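To be precise, the following lines are upload_28.cif, and they hold mmCIF, C-alpha atoms.
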```
data_model
loop_
_atom_site.group_PDB
_atom_site.id
_atom_site.type_symbol
_atom_site.label_atom_id
_atom_site.label_comp_id
_atom_site.auth_asym_id
_atom_site.auth_seq_id
_atom_site.Cartn_x
_atom_site.Cartn_y
_atom_site.Cartn_z
ATOM 1 C CA MET A 1 -4.023 88.006 66.338
ATOM 2 C CA SER A 2 -4.923 85.930 69.364
ATOM 3 C CA ALA A 3 -8.487 85.087 70.282
ATOM 4 C CA SER A 4 -8.337 87.358 73.325
ATOM 5 C CA ASN A 5 -7.184 90.268 71.163
ATOM 6 C CA GLU A 6 -10.002 89.586 68.726
ATOM 7 C CA ASP A 7 -12.493 89.489 71.595
ATOM 8 C CA ARG A 8 -11.134 92.757 72.971
ATOM 9 C CA LEU A 9 -11.328 94.385 69.539
ATOM 10 C CA ALA A 10 -14.904 93.150 69.126
ATOM 11 C CA ASP A 11 -15.804 94.625 72.527
ATOM 12 C CA LEU A 12 -14.266 97.970 71.613
ATOM 13 C CA ILE A 13 -16.029 98.104 68.245
ATOM 14 C CA GLY A 14 -19.308 97.108 69.896
ATOM 15 C CA ALA A 15 -18.965 100.002 72.342
ATOM 16 C CA LEU A 16 -18.819 102.558 69.544
ATOM 17 C CA PRO A 17 -21.968 104.564 68.832
ATOM 18 C CA PRO A 18 -23.779 103.786 65.586
ATOM 19 C CA ALA A 19 -22.595 105.604 62.478
ATOM 20 C CA PRO A 20 -24.509 108.791 61.687
ATOM 21 C CA GLU A 21 -27.373 108.239 59.249
ATOM 22 C CA ALA A 22 -25.775 110.586 56.709
ATOM 23 C CA TRP A 23 -22.639 108.417 56.680
ATOM 24 C CA VAL A 24 -24.711 105.294 56.125
ATOM 25 C CA ARG A 25 -26.607 106.906 53.220
ATOM 26 C CA ALA A 26 -23.371 108.169 51.667
ATOM 27 C CA ALA A 27 -21.816 104.718 51.878
ATOM 28 C CA GLN A 28 -24.883 103.198 50.231
ATOM 29 C CA GLU A 29 -24.884 105.755 47.414
ATOM 30 C CA LEU A 30 -21.154 105.641 46.717
ATOM 31 C CA PRO A 31 -21.080 102.642 44.315
ATOM 32 C CA LEU A 32 -23.775 104.160 42.079
ATOM 33 C CA ALA A 33 -22.084 107.564 42.172
ATOM 34 C CA ARG A 34 -18.747 106.062 41.137
ATOM 35 C CA THR A 35 -20.402 104.227 38.262
ATOM 36 C CA GLU A 36 -22.097 107.435 37.120
ATOM 37 C CA ILE A 37 -18.874 109.448 37.349
ATOM 38 C CA ASP A 38 -16.912 106.779 35.493
ATOM 39 C CA ALA A 39 -19.526 106.722 32.714
ATOM 40 C CA ILE A 40 -19.417 110.508 32.309
ATOM 41 C CA VAL A 41 -15.606 110.529 32.258
ATOM 42 C CA ALA A 42 -15.474 107.645 29.768
ATOM 43 C CA ARG A 43 -17.841 109.475 27.435
ATOM 44 C CA ALA A 44 -15.823 112.683 27.786
ATOM 45 C CA GLU A 45 -12.669 110.755 26.863
ATOM 46 C CA THR A 46 -14.210 109.516 23.614
ATOM 47 C CA ASP A 47 -16.421 112.488 22.734
ATOM 48 C CA ALA A 48 -14.447 115.737 22.436
ATOM 49 C CA GLU A 49 -17.586 117.836 21.943
ATOM 50 C CA PHE A 50 -19.137 116.450 25.132
ATOM 51 C CA ARG A 51 -15.887 117.043 27.012
ATOM 52 C CA GLN A 52 -15.719 120.669 25.852
ATOM 53 C CA ALA A 53 -19.353 121.188 26.860
ATOM 54 C CA LEU A 54 -18.592 119.790 30.322
ATOM 55 C CA ILE A 55 -15.596 122.073 30.697
ATOM 56 C CA ALA A 56 -17.516 125.126 29.453
ATOM 57 C CA ASP A 57 -20.604 124.615 31.647
ATOM 58 C CA LEU A 58 -20.546 121.479 33.751
ATOM 59 C CA GLU A 59 -23.895 121.936 35.502
ATOM 60 C CA ALA A 60 -25.893 122.830 32.388
ATOM 61 C CA THR A 61 -24.355 120.005 30.350
ATOM 62 C CA LEU A 62 -25.091 117.424 33.033
ATOM 63 C CA ALA A 63 -28.672 118.648 33.406
ATOM 64 C CA GLN A 64 -29.134 118.582 29.628
ATOM 65 C CA GLU A 65 -27.895 114.973 29.584
ATOM 66 C CA GLY A 66 -30.331 113.921 32.319
ATOM 67 C CA TYR A 67 -27.982 113.903 35.306
ATOM 68 C CA GLU A 68 -28.783 115.568 38.618
ATOM 69 C CA PRO A 69 -26.004 118.165 38.967
ATOM 70 C CA GLU A 70 -25.605 117.794 42.737
ATOM 71 C CA ARG A 71 -22.551 119.001 44.605
ATOM 72 C CA PRO A 72 -20.788 115.630 45.149
ATOM 73 C CA LEU A 73 -21.066 114.788 41.445
ATOM 74 C CA LEU A 74 -19.934 118.264 40.414
ATOM 75 C CA ASP A 75 -16.988 118.207 42.817
ATOM 76 C CA ALA A 76 -15.865 114.766 41.651
ATOM 77 C CA LEU A 77 -16.053 115.735 37.982
ATOM 78 C CA ARG A 78 -14.284 119.047 38.532
ATOM 79 C CA TRP A 79 -11.498 117.135 40.218
ATOM 80 C CA ARG A 80 -11.345 114.578 37.365
ATOM 81 C CA PHE A 81 -11.228 117.345 34.722
ATOM 82 C CA ALA A 82 -8.867 119.643 36.620
ATOM 83 C CA ASP A 83 -6.117 119.112 34.003
ATOM 84 C CA SER A 84 -8.333 120.343 31.158
#
```
Have the structure of the file written as structure tokens, please.
Amino acid sequence: MSASNEDRLADLIGALPPAPEAWVRAAQELPLARTEIDAIVARAETDAEFRQALIADLEATLAQEGYEPERPLLDALRWRFADS
């Protein structure tokens, strides 16, 4: 990419409005959420009783284990356990 193209791209990006605050917060929370989801899935893979409890009542099991059963977490785990 030539310097003039880079300058033009920088100008175009600079003209964009700032990202909505909700997008910024979501982007900041994403790494922790992925780590939490991965930990839950890893435990479910090694602990059949925990996995069955998640499948039977995801929200109650998460709450019992100290997790906040919020919609993004629930949706991600439902998607990960869809085969079960």
- Identify which of the residues A:Thr61, A:Pro69, A:Leu54, A:Ala19 lies closest to Ala82 in chain A, counting all atoms listed in the file when measuring atom-to-atom distances.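 Distance minimum relative to Ala82 in chain A lands on A:Leu54.
Going from CA of Tyr67 in chain A to CA of Asp47 in chain A covers 17.1 Å.
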- Query: So which one's closest to Arg71 in chain A, A:Val24, A:Ala3, A:Ala33, A:Ala39? Using only C-alpha atoms, please.
  - Reply: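 Going through A:Val24, A:Ala3, A:Ala33, A:Ala39 one by one, the smallest distance to Arg71 in chain A is for A:Ala33.
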- Glu65 in chain A surroundings by all atoms listed in the file, 12 Å radius, close-in-sequence under 4 positions cut, as a ChimeraX atom specification: /A:40,43,50,53-54,58-61,69
- So, counting only C-alpha atoms, which residue among A:Glu36, A:Asp83, A:Glu6, A:Asp11 is closest to Glu68 in chain A?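 Going through A:Glu36, A:Asp83, A:Glu6, A:Asp11 one by one, the smallest distance to Glu68 in chain A is for A:Glu36.
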- Query: Can you tell me how far CA of Ala22 in chain A sits from CA of Thr35 in chain A, in Å to one decimal?
  - Reply: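 Answer for the CA of Ala22 in chain A to CA of Thr35 in chain A separation: 20.2 Å.
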- Item | Contacts of Ile55 in chain A at 10 Å (only C-alpha atoms; same-chain gap of 6+ positions) as a PyMOL selection string | chain A and resi 44+49+61+77-78+81-82+84
- One-decimal distance in Å that lies between CA of Leu30 in chain A and CA of Ala10 in chain A: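 Going from CA of Ala10 in chain A over to CA of Leu30 in chain A covers 26.4 Å.
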Around all the atoms of range 19-35 of chain A listed in the file, draw an axis-aligned box and extend it by 3 Å on each of the six sides; I want its centre and edge lengths in Å to one decimal, as JSON.
```
{"center_x": -23.1, "center_y": 106.6, "center_z": 50.4, "size_x": 14.6, "size_y": 13.9, "size_z": 30.2}
```
